[in-house]
Every structure is written in C-alpha cells, then in structure tokens.
Amino acid sequence: MSQPPVLFHAHSGNVFGGVESALLALACHPGRWRHAFALCYEGRLSRELRQAKAPVEILGRARFSRPWTMAHARRRLASTLAAARPAAVMCHSPWSLAAFAPEARRHDLPVLLWAHAAFSGRHWLERLARRLAPPDLAICNSQYTKAAVPRAYPGIEMAAVVYPPVVPPPRFDPARRAAKREAHGAGPETVVVTLAARMDPWKGHAALIEALGALSGIPDWVAWIVGGAQRRGEEAYRVRLERAAHDRRIGHRVHFLGQRDDVAALLWASDLYCQPNSEPEPFGISFVEALYAGLPVIATDAGGPREIVTPDCGVLVPPRDHAALVKALRLLISDADLRRRLGAAGPARAAHLCAPEHAVPRLEAELDSALSSSLPRGNVTW
C-alpha cells in the first residue's frame, strides 16, 4: 500500500495567532495527506503540534541580520527534507519563503505559499522572496488576500480560495457557565462583550474601548480583552489601552485577561464578539471561533470579515466609523432576542466555511490537482 503524500510546512513559530491555529488544525485533522513541520522556535505552536503527534523539526533561531543562523537553519532543513522526502514544501509568509524556498528548490521540490496576509509587493521580504525563489503555487485564505498576491508575485494566475480549517470547540457543561463568568466580573444579567486577538493596534482594541466609553450610561455590560503581549511594544500598547479605559471611566468594566489557553471557554461564556479592525483582516479565524461559540459578531466591513459575517449572524460596520460602531454595540447590548437570533446562526456558518471535514478536502483537492498538473512553475495560485 502506497504511503500518503507529505506536505512539509516551513514556518517561524515564534508567536501564536491565526496562522498557527490553522497549522494546528491541520495536524489534528490531516486527512489523506500527512503534515510535517519545520519551525525556528520552540513555543506554544511546537508544543501543541507535538501533543497532536505531528512531526516537528526545530531548525534553530534564524535571522537574516545574522547570516550564520540562516545557514545553520538551511542545513538542518536540507537534512530533514532528505529524510522526509515530501511531495512539496509549504511556506506561510514571505519570511519563510525567502528563508527556506531556495533549499526546497535545491531538492527539486515544488514550493507553495499559503498567503495569510495581503501583500503590498514593496516589503523587502516580499522582494527578496520574489528574487530568490518565487512560489510555484499559492493558496489564498480569502478573496481579499487573493486580490493582493499579484502585487508581490506578478504574473501568477489566480484560481481558488481555500479557507483555513478551524476546529469546533469542545462541548461545555452549561452548569459551569455562571462560574466562568463570575470569575471575570460578570453576573447572570451582565452582557459580556469579548475581543480575542493579538495585541496589535490594528485589531481594533482602542476603537472598541472608545465606543464602549460612549455607552458608559448603559448598565450591566463588561468587556473582556483576551490576548497578551507576544512581541516588543505590545505590552506598552496594553498599558495605553488600560489608560484609555480609565480615562473614559470604564476601567472597572474592561477586563484585560492576557494570554489564555481557554479562549474557547471564554467565548462560550460571552454574549457578544466585537473586533472593529482599523485595517482589513486578511481572514479572521477569531471571527469563526466566535461564530462556533454561538456569538453574534460585530466586525469591520473590510477584508476577510466581509466574507465571514453575514446579516444572519452579525453586523458589519464601516471602517473607522465610530458612530456606526457605537450604534451596533448599543443595539446588541440592549436587545437579548437579537443576540440570540444572530448567535443561533453562527455555528452553521462557521462549519460551512471552516469545519475540518469541509476545509481539509478542499485543500487536498487543490493539492492533488496542482501537483499532478504539467503546468510550469510560477503561474498557478490556489
């Protein structure tokens, strides 16, 4: 019996966000293909991949500013590829493409790019990757991302978008919901507004706090800000957010919960998800997770959320429109029946887009089609 093909993922692995969640979902629900991983850093991703019994190789901390570290990581990758004999190498950023695609080329392996972000074409890493080893194929995680790929890789023909797999949360005991809420300052009648995202300013934390400040006269709501500092500068940003909440006299109602491993449970204990990005989200796994949890979603009408959130399950507001955001929050905080109706449609919407039993076969179909074709390198995008 023939062995299933191996897709080798090359990634940095130094932080944990939407990209890493998608990789972990693939490890837990591999389908017909086997997924192996080469990372530069030990951390949450490497730990959870190993818990999922996925092969993980640590290449070492590699930085372009320290060429000897890149050389060491590439040597480690070369020996790993020789042993694993994958069908293709998948890179998950221009950084990993520039760092590791040349080594894949030397092993005569197809190079794939999973485009998790909208490319400008101007960043030095995008230019370096284009010069060293442009991808043979690119998977786009949204229509929004798909439209940006030609800026970084001109001439690439577009094809299908494959939304990333997102694992549904476990079943929770309803009897434990009250205790979970009380642990973070929410009583039975409190409306909990949650934002779960990395501490990046463009994720919309400041806009949410400003809008909630305009609703300070409405009783019985609290906000949970989920996510901790993972990069330089993010801790200072969190401090600024806390100061902004204090200045708007809602500091006692906005709870910063930090980096968590119980995000699914916190969403399940919430009433409303609001992430008003100031810049377009390339896709937005956090929105899918909120829909799985049965939460109505308020999001910015741009990027991936435009493809995720429909009027049946949430509200889209124009970018940087403070008045529209306040109006949407006021409506959903005040109307429990509307929250229940929109929330009830969420799980089916999330499953349709991203349930592994749907998303993984879509990915495999594109892999099978592209890698079995005789098209020359550099002209296909998934």
# chains A, B, ... in the order shown; residues from 1 in each chain; ligands from 1

$ residues_around --residues "Leu39 (chain A)" --least-positions-apart "2" --cutoff "12 Å" --atoms "only C-alpha atoms" --output "short mmCIF file (atom, residue, chain, number, x, y, z; two decimals) with N, CA, C and O atoms, in the first residue's frame"
data_model
loop_
_atom_site.label_atom_id
_atom_site.label_comp_id
_atom_site.auth_asym_id
_atom_site.auth_seq_id
_atom_site.Cartn_x
_atom_site.Cartn_y
_atom_site.Cartn_z
N PHE A 8 5.25 19.45 3.66
CA PHE A 8 6.19 19.93 4.67
C PHE A 8 5.99 21.43 4.86
O PHE A 8 6.15 22.21 3.93
N HIS A 9 5.62 21.84 6.07
CA HIS A 9 5.34 23.24 6.38
C HIS A 9 6.57 23.89 7.01
O HIS A 9 7.05 23.42 8.05
N ALA A 10 7.06 24.97 6.41
CA ALA A 10 8.18 25.73 6.96
C ALA A 10 7.64 27.04 7.51
O ALA A 10 6.99 27.82 6.80
N HIS A 11 7.92 27.28 8.80
CA HIS A 11 7.32 28.44 9.47
C HIS A 11 8.22 28.86 10.62
O HIS A 11 9.00 28.06 11.14
N SER A 12 8.10 30.12 11.04
CA SER A 12 8.94 30.60 12.13
C SER A 12 8.50 30.02 13.48
O SER A 12 9.31 29.49 14.24
N GLY A 13 7.21 30.14 13.82
CA GLY A 13 6.70 29.54 15.04
C GLY A 13 6.99 30.29 16.32
O GLY A 13 6.85 29.73 17.40
N ASN A 14 7.35 31.58 16.22
CA ASN A 14 7.72 32.31 17.43
C ASN A 14 6.54 32.97 18.13
O ASN A 14 6.67 33.40 19.28
N VAL A 15 5.39 33.10 17.46
CA VAL A 15 4.18 33.64 18.09
C VAL A 15 3.03 32.68 17.81
O VAL A 15 3.18 31.72 17.04
N GLU A 20 -1.05 30.02 13.14
CA GLU A 20 -0.66 28.87 13.96
C GLU A 20 -1.86 28.00 14.31
O GLU A 20 -1.76 26.77 14.38
N LEU A 23 -2.46 25.80 11.32
CA LEU A 23 -1.48 24.70 11.25
C LEU A 23 -1.81 23.61 12.25
O LEU A 23 -1.71 22.41 11.95
N ALA A 36 4.00 17.59 8.05
CA ALA A 36 5.19 17.69 8.89
C ALA A 36 5.58 19.16 8.98
O ALA A 36 5.26 19.95 8.08
N PHE A 37 6.30 19.52 10.04
CA PHE A 37 6.54 20.93 10.34
C PHE A 37 8.00 21.18 10.68
O PHE A 37 8.61 20.44 11.46
N TYR A 41 11.52 28.17 16.17
CA TYR A 41 11.44 28.48 17.60
C TYR A 41 10.62 27.42 18.33
O TYR A 41 9.60 26.95 17.81
N GLU A 42 11.08 27.09 19.50
CA GLU A 42 10.23 26.33 20.42
C GLU A 42 9.21 27.30 21.04
O GLU A 42 9.50 28.46 21.28
N GLY A 43 8.02 26.80 21.30
CA GLY A 43 6.99 27.65 21.88
C GLY A 43 5.66 26.93 21.90
O GLY A 43 5.59 25.69 21.81
N ARG A 44 4.61 27.71 21.99
CA ARG A 44 3.28 27.10 22.08
C ARG A 44 2.97 26.25 20.85
O ARG A 44 2.42 25.15 20.97
N LEU A 45 3.32 26.76 19.65
CA LEU A 45 3.00 26.00 18.44
C LEU A 45 3.71 24.66 18.42
O LEU A 45 3.09 23.62 18.18
N SER A 46 5.02 24.66 18.66
CA SER A 46 5.76 23.39 18.63
C SER A 46 5.23 22.43 19.69
O SER A 46 5.10 21.23 19.45
N ARG A 47 4.91 22.97 20.86
CA ARG A 47 4.40 22.13 21.95
C ARG A 47 3.06 21.48 21.57
O ARG A 47 2.87 20.26 21.75
N LEU A 49 1.76 21.11 18.54
CA LEU A 49 1.92 20.20 17.41
C LEU A 49 2.39 18.83 17.87
O LEU A 49 1.91 17.79 17.40
N PRO A 55 4.97 15.41 13.31
CA PRO A 55 6.43 15.54 13.26
C PRO A 55 6.85 17.00 13.27
O PRO A 55 6.36 17.80 12.46
N VAL A 56 7.75 17.36 14.18
CA VAL A 56 8.22 18.74 14.31
C VAL A 56 9.74 18.73 14.34
O VAL A 56 10.35 18.03 15.16
N GLU A 57 10.35 19.53 13.48
CA GLU A 57 11.79 19.71 13.46
C GLU A 57 12.09 21.16 13.79
O GLU A 57 11.52 22.08 13.18
N ILE A 58 12.95 21.39 14.77
CA ILE A 58 13.36 22.75 15.13
C ILE A 58 14.66 23.06 14.39
O ILE A 58 15.68 22.41 14.59
N LEU A 59 14.59 24.08 13.54
CA LEU A 59 15.74 24.43 12.70
C LEU A 59 16.71 25.37 13.39
O LEU A 59 17.86 25.50 12.95
N GLY A 60 16.29 26.01 14.46
CA GLY A 60 17.13 26.97 15.15
C GLY A 60 16.70 28.40 14.86
O GLY A 60 16.07 28.69 13.83
N ARG A 61 17.00 29.30 15.77
CA ARG A 61 16.58 30.70 15.64
C ARG A 61 17.33 31.35 14.49
O ARG A 61 18.52 31.64 14.59
N ALA A 62 16.59 31.60 13.43
CA ALA A 62 17.21 32.12 12.21
C ALA A 62 16.80 33.57 11.97
O ALA A 62 15.62 33.90 12.07
N ALA A 73 20.16 27.02 9.85
CA ALA A 73 18.78 26.56 9.70
C ALA A 73 18.57 25.88 8.35
O ALA A 73 17.86 24.86 8.26
N ARG A 74 19.18 26.40 7.31
CA ARG A 74 19.02 25.78 5.99
C ARG A 74 19.69 24.42 5.94
O ARG A 74 19.18 23.50 5.28
N ARG A 76 19.97 22.36 8.49
CA ARG A 76 19.04 21.49 9.20
C ARG A 76 17.85 21.12 8.31
O ARG A 76 17.39 19.98 8.31
N LEU A 77 17.34 22.12 7.59
CA LEU A 77 16.21 21.85 6.71
C LEU A 77 16.61 20.87 5.61
O LEU A 77 15.84 19.96 5.26
N THR A 80 16.57 17.40 6.90
CA THR A 80 15.20 16.99 7.21
C THR A 80 14.45 16.65 5.93
O THR A 80 13.72 15.64 5.88
N CYS A 91 5.35 27.25 2.51
CA CYS A 91 5.79 28.37 3.33
C CYS A 91 4.58 29.21 3.71
O CYS A 91 3.61 29.29 2.95
N HIS A 92 4.67 29.88 4.87
CA HIS A 92 3.50 30.57 5.39
C HIS A 92 3.70 32.08 5.55
O HIS A 92 2.90 32.73 6.21
N SER A 96 9.44 33.11 5.56
CA SER A 96 9.80 31.70 5.42
C SER A 96 10.04 31.34 3.96
O SER A 96 10.86 30.45 3.65
N ALA A 99 13.52 32.52 3.30
CA ALA A 99 14.48 31.76 4.09
C ALA A 99 14.67 30.34 3.59
O ALA A 99 15.81 29.84 3.56
N PHE A 100 13.59 29.68 3.21
CA PHE A 100 13.65 28.23 3.02
C PHE A 100 13.28 27.73 1.63
O PHE A 100 13.59 26.59 1.29
#

$ residues_around --residues "Ala324 (chain A)" --least-positions-apart "6" --cutoff "12 Å" --atoms "only C-alpha atoms" --output "list of chain:residue names"
A:Ala207, A:Leu208, A:Ala211, A:Ala214, A:Pro276, A:Ile298, A:Ala299, A:Thr300, A:Asp301, A:Val315, A:Leu316, A:Val317, A:Pro318, A:Arg330, A:Leu331

$ write_last_selection --atoms "all heavy atoms" --output "mmCIF file, in the first residue's frame"
data_model
loop_
_atom_site.group_PDB
_atom_site.id
_atom_site.type_symbol
_atom_site.label_atom_id
_atom_site.label_comp_id
_atom_site.auth_asym_id
_atom_site.auth_seq_id
_atom_site.Cartn_x
_atom_site.Cartn_y
_atom_site.Cartn_z
ATOM 1 N N ALA A 207 -10.515 51.181 19.345
ATOM 2 C CA ALA A 207 -11.824 51.591 18.828
ATOM 3 C C ALA A 207 -12.947 51.015 19.679
ATOM 4 O O ALA A 207 -13.958 51.693 19.933
ATOM 5 C CB ALA A 207 -11.971 51.147 17.379
ATOM 6 N N LEU A 208 -12.789 49.780 20.131
ATOM 7 C CA LEU A 208 -13.809 49.167 20.975
ATOM 8 C C LEU A 208 -13.924 49.917 22.302
ATOM 9 O O LEU A 208 -15.035 50.220 22.760
ATOM 10 C CB LEU A 208 -13.474 47.695 21.225
ATOM 11 C CG LEU A 208 -14.402 46.969 22.202
ATOM 12 C CD1 LEU A 208 -15.851 46.989 21.721
ATOM 13 C CD2 LEU A 208 -13.924 45.534 22.441
ATOM 14 N N ALA A 211 -15.658 53.216 21.808
ATOM 15 C CA ALA A 211 -17.100 53.059 21.604
ATOM 16 C C ALA A 211 -17.808 52.685 22.898
ATOM 17 O O ALA A 211 -18.893 53.198 23.201
ATOM 18 C CB ALA A 211 -17.356 51.996 20.538
ATOM 19 N N ALA A 214 -18.599 55.544 25.111
ATOM 20 C CA ALA A 214 -19.815 56.279 24.771
ATOM 21 C C ALA A 214 -21.069 55.591 25.303
ATOM 22 O O ALA A 214 -22.147 56.188 25.294
ATOM 23 C CB ALA A 214 -19.916 56.428 23.253
ATOM 24 N N PRO A 276 -13.421 45.488 15.950
ATOM 25 C CA PRO A 276 -13.524 46.517 14.900
ATOM 26 C C PRO A 276 -12.167 46.909 14.340
ATOM 27 O O PRO A 276 -11.626 47.976 14.640
ATOM 28 C CB PRO A 276 -14.194 47.676 15.635
ATOM 29 C CG PRO A 276 -13.682 47.552 17.046
ATOM 30 C CD PRO A 276 -13.469 46.077 17.299
ATOM 31 N N ILE A 298 -19.748 41.596 15.731
ATOM 32 C CA ILE A 298 -19.612 42.932 15.145
ATOM 33 C C ILE A 298 -18.198 43.031 14.592
ATOM 34 O O ILE A 298 -17.225 42.811 15.319
ATOM 35 C CB ILE A 298 -19.852 44.044 16.184
ATOM 36 C CG1 ILE A 298 -21.282 43.974 16.733
ATOM 37 C CG2 ILE A 298 -19.603 45.417 15.565
ATOM 38 C CD1 ILE A 298 -21.543 44.957 17.866
ATOM 39 N N ALA A 299 -18.085 43.341 13.303
ATOM 40 C CA ALA A 299 -16.775 43.396 12.655
ATOM 41 C C ALA A 299 -16.754 44.541 11.661
ATOM 42 O O ALA A 299 -17.793 45.079 11.272
ATOM 43 C CB ALA A 299 -16.480 42.072 11.947
ATOM 44 N N THR A 300 -15.552 44.884 11.230
ATOM 45 C CA THR A 300 -15.375 45.923 10.219
ATOM 46 C C THR A 300 -15.666 45.363 8.841
ATOM 47 O O THR A 300 -15.256 44.254 8.504
ATOM 48 C CB THR A 300 -13.931 46.458 10.276
ATOM 49 O OG1 THR A 300 -13.679 46.991 11.586
ATOM 50 C CG2 THR A 300 -13.719 47.548 9.252
ATOM 51 N N ASP A 301 -16.358 46.140 8.044
ATOM 52 C CA ASP A 301 -16.764 45.717 6.705
ATOM 53 C C ASP A 301 -15.600 45.880 5.729
ATOM 54 O O ASP A 301 -15.588 46.763 4.872
ATOM 55 C CB ASP A 301 -17.973 46.540 6.256
ATOM 56 C CG ASP A 301 -18.566 46.029 4.946
ATOM 57 O OD1 ASP A 301 -18.170 44.933 4.505
ATOM 58 O OD2 ASP A 301 -19.409 46.739 4.370
ATOM 59 N N VAL A 315 -23.116 41.864 12.440
ATOM 60 C CA VAL A 315 -23.252 43.218 11.912
ATOM 61 C C VAL A 315 -21.878 43.686 11.434
ATOM 62 O O VAL A 315 -20.899 43.595 12.177
ATOM 63 C CB VAL A 315 -23.784 44.191 12.984
ATOM 64 C CG1 VAL A 315 -23.864 45.607 12.424
ATOM 65 C CG2 VAL A 315 -25.142 43.739 13.503
ATOM 66 N N LEU A 316 -21.808 44.188 10.211
ATOM 67 C CA LEU A 316 -20.592 44.796 9.682
ATOM 68 C C LEU A 316 -20.736 46.310 9.731
ATOM 69 O O LEU A 316 -21.771 46.859 9.345
ATOM 70 C CB LEU A 316 -20.344 44.343 8.244
ATOM 71 C CG LEU A 316 -20.011 42.860 8.043
ATOM 72 C CD1 LEU A 316 -19.962 42.528 6.557
ATOM 73 C CD2 LEU A 316 -18.693 42.495 8.711
ATOM 74 N N VAL A 317 -19.691 46.985 10.214
ATOM 75 C CA VAL A 317 -19.714 48.449 10.297
ATOM 76 C C VAL A 317 -18.598 49.009 9.420
ATOM 77 O O VAL A 317 -17.566 48.368 9.228
ATOM 78 C CB VAL A 317 -19.533 48.927 11.753
ATOM 79 C CG1 VAL A 317 -20.678 48.430 12.626
ATOM 80 C CG2 VAL A 317 -18.197 48.465 12.323
ATOM 81 N N PRO A 318 -18.775 50.204 8.861
ATOM 82 C CA PRO A 318 -17.727 50.789 8.016
ATOM 83 C C PRO A 318 -16.427 50.980 8.802
ATOM 84 O O PRO A 318 -16.452 51.230 10.009
ATOM 85 C CB PRO A 318 -18.323 52.137 7.591
ATOM 86 C CG PRO A 318 -19.799 51.964 7.737
ATOM 87 C CD PRO A 318 -19.986 51.048 8.907
ATOM 88 N N ARG A 330 -24.664 49.367 20.895
ATOM 89 C CA ARG A 330 -25.845 49.727 21.674
ATOM 90 C C ARG A 330 -27.004 48.774 21.357
ATOM 91 O O ARG A 330 -27.702 48.290 22.245
ATOM 92 C CB ARG A 330 -26.255 51.161 21.372
ATOM 93 C CG ARG A 330 -27.408 51.672 22.255
ATOM 94 C CD ARG A 330 -27.937 53.008 21.734
ATOM 95 N NE ARG A 330 -26.894 54.013 21.643
ATOM 96 C CZ ARG A 330 -26.498 54.768 22.665
ATOM 97 N NH1 ARG A 330 -27.073 54.631 23.851
ATOM 98 N NH2 ARG A 330 -25.540 55.667 22.491
ATOM 99 N N LEU A 331 -27.198 48.503 20.053
ATOM 100 C CA LEU A 331 -28.291 47.632 19.637
ATOM 101 C C LEU A 331 -28.147 46.230 20.213
ATOM 102 O O LEU A 331 -29.086 45.676 20.800
ATOM 103 C CB LEU A 331 -28.334 47.570 18.103
ATOM 104 C CG LEU A 331 -29.345 46.612 17.489
ATOM 105 C CD1 LEU A 331 -30.775 47.040 17.828
ATOM 106 C CD2 LEU A 331 -29.150 46.533 15.979
#

$ select_by_dssp --residues "region 101-221 of chain A" --states "strand (DSSP E)" --output "ChimeraX atom specification"
/A:111-115,137-140,191-196,221

$ write_last_selection --atoms "N, CA, C and O atoms" --output "PDB file, in the first residue's frame"
ATOM      1  N   VAL A 111       7.450  24.505  -4.489  1.00  0.00           N
ATOM      2  CA  VAL A 111       7.355  25.455  -3.385  1.00  0.00           C
ATOM      3  C   VAL A 111       5.966  26.084  -3.406  1.00  0.00           C
ATOM      4  O   VAL A 111       5.548  26.663  -4.413  1.00  0.00           O
ATOM      5  N   LEU A 112       5.270  25.958  -2.293  1.00  0.00           N
ATOM      6  CA  LEU A 112       3.930  26.500  -2.156  1.00  0.00           C
ATOM      7  C   LEU A 112       3.954  27.642  -1.147  1.00  0.00           C
ATOM      8  O   LEU A 112       4.726  27.612  -0.191  1.00  0.00           O
ATOM      9  N   LEU A 113       3.111  28.623  -1.365  1.00  0.00           N
ATOM     10  CA  LEU A 113       2.934  29.707  -0.405  1.00  0.00           C
ATOM     11  C   LEU A 113       1.475  29.734   0.029  1.00  0.00           C
ATOM     12  O   LEU A 113       0.587  29.807  -0.807  1.00  0.00           O
ATOM     13  N   TRP A 114       1.252  29.649   1.351  1.00  0.00           N
ATOM     14  CA  TRP A 114      -0.088  29.882   1.879  1.00  0.00           C
ATOM     15  C   TRP A 114      -0.141  31.362   2.258  1.00  0.00           C
ATOM     16  O   TRP A 114       0.487  31.788   3.224  1.00  0.00           O
ATOM     17  N   ALA A 115      -0.870  32.133   1.473  1.00  0.00           N
ATOM     18  CA  ALA A 115      -0.928  33.584   1.670  1.00  0.00           C
ATOM     19  C   ALA A 115      -1.931  33.892   2.774  1.00  0.00           C
ATOM     20  O   ALA A 115      -3.139  33.866   2.563  1.00  0.00           O
ATOM     21  N   LEU A 137       3.164  27.785  -6.484  1.00  0.00           N
ATOM     22  CA  LEU A 137       1.727  27.832  -6.249  1.00  0.00           C
ATOM     23  C   LEU A 137       1.459  28.645  -4.999  1.00  0.00           C
ATOM     24  O   LEU A 137       2.303  28.712  -4.113  1.00  0.00           O
ATOM     25  N   ALA A 138       0.291  29.260  -4.937  1.00  0.00           N
ATOM     26  CA  ALA A 138      -0.075  29.995  -3.735  1.00  0.00           C
ATOM     27  C   ALA A 138      -1.518  29.701  -3.362  1.00  0.00           C
ATOM     28  O   ALA A 138      -2.398  29.743  -4.210  1.00  0.00           O
ATOM     29  N   ILE A 139      -1.745  29.379  -2.113  1.00  0.00           N
ATOM     30  CA  ILE A 139      -3.088  29.224  -1.565  1.00  0.00           C
ATOM     31  C   ILE A 139      -3.461  30.546  -0.915  1.00  0.00           C
ATOM     32  O   ILE A 139      -2.659  31.130  -0.193  1.00  0.00           O
ATOM     33  N   CYS A 140      -4.670  31.018  -1.149  1.00  0.00           N
ATOM     34  CA  CYS A 140      -5.123  32.268  -0.561  1.00  0.00           C
ATOM     35  C   CYS A 140      -6.206  31.980   0.466  1.00  0.00           C
ATOM     36  O   CYS A 140      -7.137  31.227   0.198  1.00  0.00           O
ATOM     37  N   VAL A 191     -24.071  41.636  30.211  1.00  0.00           N
ATOM     38  CA  VAL A 191     -23.741  41.365  28.807  1.00  0.00           C
ATOM     39  C   VAL A 191     -22.225  41.451  28.652  1.00  0.00           C
ATOM     40  O   VAL A 191     -21.631  42.497  28.903  1.00  0.00           O
ATOM     41  N   VAL A 192     -21.619  40.334  28.268  1.00  0.00           N
ATOM     42  CA  VAL A 192     -20.164  40.270  28.118  1.00  0.00           C
ATOM     43  C   VAL A 192     -19.795  40.486  26.654  1.00  0.00           C
ATOM     44  O   VAL A 192     -20.186  39.705  25.785  1.00  0.00           O
ATOM     45  N   VAL A 193     -19.048  41.553  26.394  1.00  0.00           N
ATOM     46  CA  VAL A 193     -18.530  41.862  25.064  1.00  0.00           C
ATOM     47  C   VAL A 193     -17.059  41.430  25.034  1.00  0.00           C
ATOM     48  O   VAL A 193     -16.260  41.912  25.842  1.00  0.00           O
ATOM     49  N   THR A 194     -16.713  40.549  24.117  1.00  0.00           N
ATOM     50  CA  THR A 194     -15.353  39.992  24.100  1.00  0.00           C
ATOM     51  C   THR A 194     -14.640  40.327  22.798  1.00  0.00           C
ATOM     52  O   THR A 194     -15.251  40.338  21.723  1.00  0.00           O
ATOM     53  N   LEU A 195     -13.344  40.599  22.917  1.00  0.00           N
ATOM     54  CA  LEU A 195     -12.434  40.718  21.781  1.00  0.00           C
ATOM     55  C   LEU A 195     -11.240  39.828  22.092  1.00  0.00           C
ATOM     56  O   LEU A 195     -10.560  40.033  23.108  1.00  0.00           O
ATOM     57  N   ALA A 196     -10.971  38.847  21.253  1.00  0.00           N
ATOM     58  CA  ALA A 196      -9.850  37.926  21.457  1.00  0.00           C
ATOM     59  C   ALA A 196      -8.916  38.031  20.255  1.00  0.00           C
ATOM     60  O   ALA A 196      -9.238  37.551  19.171  1.00  0.00           O
ATOM     61  N   TRP A 221     -22.989  45.799  31.477  1.00  0.00           N
ATOM     62  CA  TRP A 221     -22.114  45.203  30.476  1.00  0.00           C
ATOM     63  C   TRP A 221     -20.681  45.261  30.990  1.00  0.00           C
ATOM     64  O   TRP A 221     -20.317  46.141  31.769  1.00  0.00           O
TER      65      TRP A 221
END

$ closest_residue --among "A:Ala328, A:Gln230, A:Gly303, A:Leu291" --to "Gly343 (chain A)" --atoms "only C-alpha atoms"
A:Leu291

$ residues_around --residues "Pro282 (chain A)" --least-positions-apart "5" --cutoff "7 Å" --atoms "only C-alpha atoms" --output "count of residues only"
8

$ residues_around --residues "Arg171 (chain A)" --least-positions-apart "3" --cutoff "10 Å" --atoms "only C-alpha atoms" --output "ChimeraX atom specification"
/A:168,174,264-265,268,293

$ select_by_dssp --residues "region 151-213 of chain A" --states "alpha helix (DSSP H)" --output "list in words"
Arg151, Ala152, Arg177, Ala178, Ala179, Lys180, Arg181, Glu182, His205, Ala206, Ala207, Leu208, Ile209, Glu210, Ala211, Leu212 and Gly213 of chain A

$ write_last_selection --atoms "C-alpha atoms" --output "mmCIF file, in the first residue's frame"
data_model
loop_
_atom_site.group_PDB
_atom_site.id
_atom_site.type_symbol
_atom_site.label_atom_id
_atom_site.label_comp_id
_atom_site.auth_asym_id
_atom_site.auth_seq_id
_atom_site.Cartn_x
_atom_site.Cartn_y
_atom_site.Cartn_z
ATOM 1 C CA ARG A 151 1.398 42.723 -6.203
ATOM 2 C CA ALA A 152 4.121 40.547 -4.698
ATOM 3 C CA ARG A 177 -21.059 28.973 32.562
ATOM 4 C CA ALA A 178 -22.060 31.082 35.561
ATOM 5 C CA ALA A 179 -18.828 30.301 37.410
ATOM 6 C CA LYS A 180 -16.727 31.129 34.338
ATOM 7 C CA ARG A 181 -18.450 34.496 34.022
ATOM 8 C CA GLU A 182 -18.259 35.328 37.723
ATOM 9 C CA HIS A 205 -8.947 47.306 20.782
ATOM 10 C CA ALA A 206 -8.759 51.090 21.026
ATOM 11 C CA ALA A 207 -11.824 51.591 18.828
ATOM 12 C CA LEU A 208 -13.809 49.167 20.975
ATOM 13 C CA ILE A 209 -12.824 50.934 24.205
ATOM 14 C CA GLU A 210 -13.677 54.326 22.712
ATOM 15 C CA ALA A 211 -17.100 53.059 21.604
ATOM 16 C CA LEU A 212 -17.806 51.442 24.962
ATOM 17 C CA GLY A 213 -16.904 54.712 26.634
#

$ closest_residue --among "A:Ser270, A:Val309, A:Glu281, A:Pro134" --to "Asp200 (chain A)" --atoms "only C-alpha atoms"
A:Glu281

$ closest_residue --among "A:Ala82, A:Val162, A:Ala87, A:Ala236" --to "Ala22 (chain A)" --atoms "only C-alpha atoms"
A:Val162

$ atom_distance --atom1 "CA of Val166 (chain A)" --atom2 "CA of Tyr153 (chain A)"
27.6 Å

$ atom_distance --atom1 "CA of Asn141 (chain A)" --atom2 "CA of Cys40 (chain A)"
23.1 Å

$ atom_distance --atom1 "CA of Arg122 (chain A)" --atom2 "CA of Gln275 (chain A)"
27.7 Å

$ closest_residue --among "A:Asp220, A:Glu307, A:Asp368, A:Asp337" --to "Tyr163 (chain A)" --atoms "only C-alpha atoms"
A:Glu307
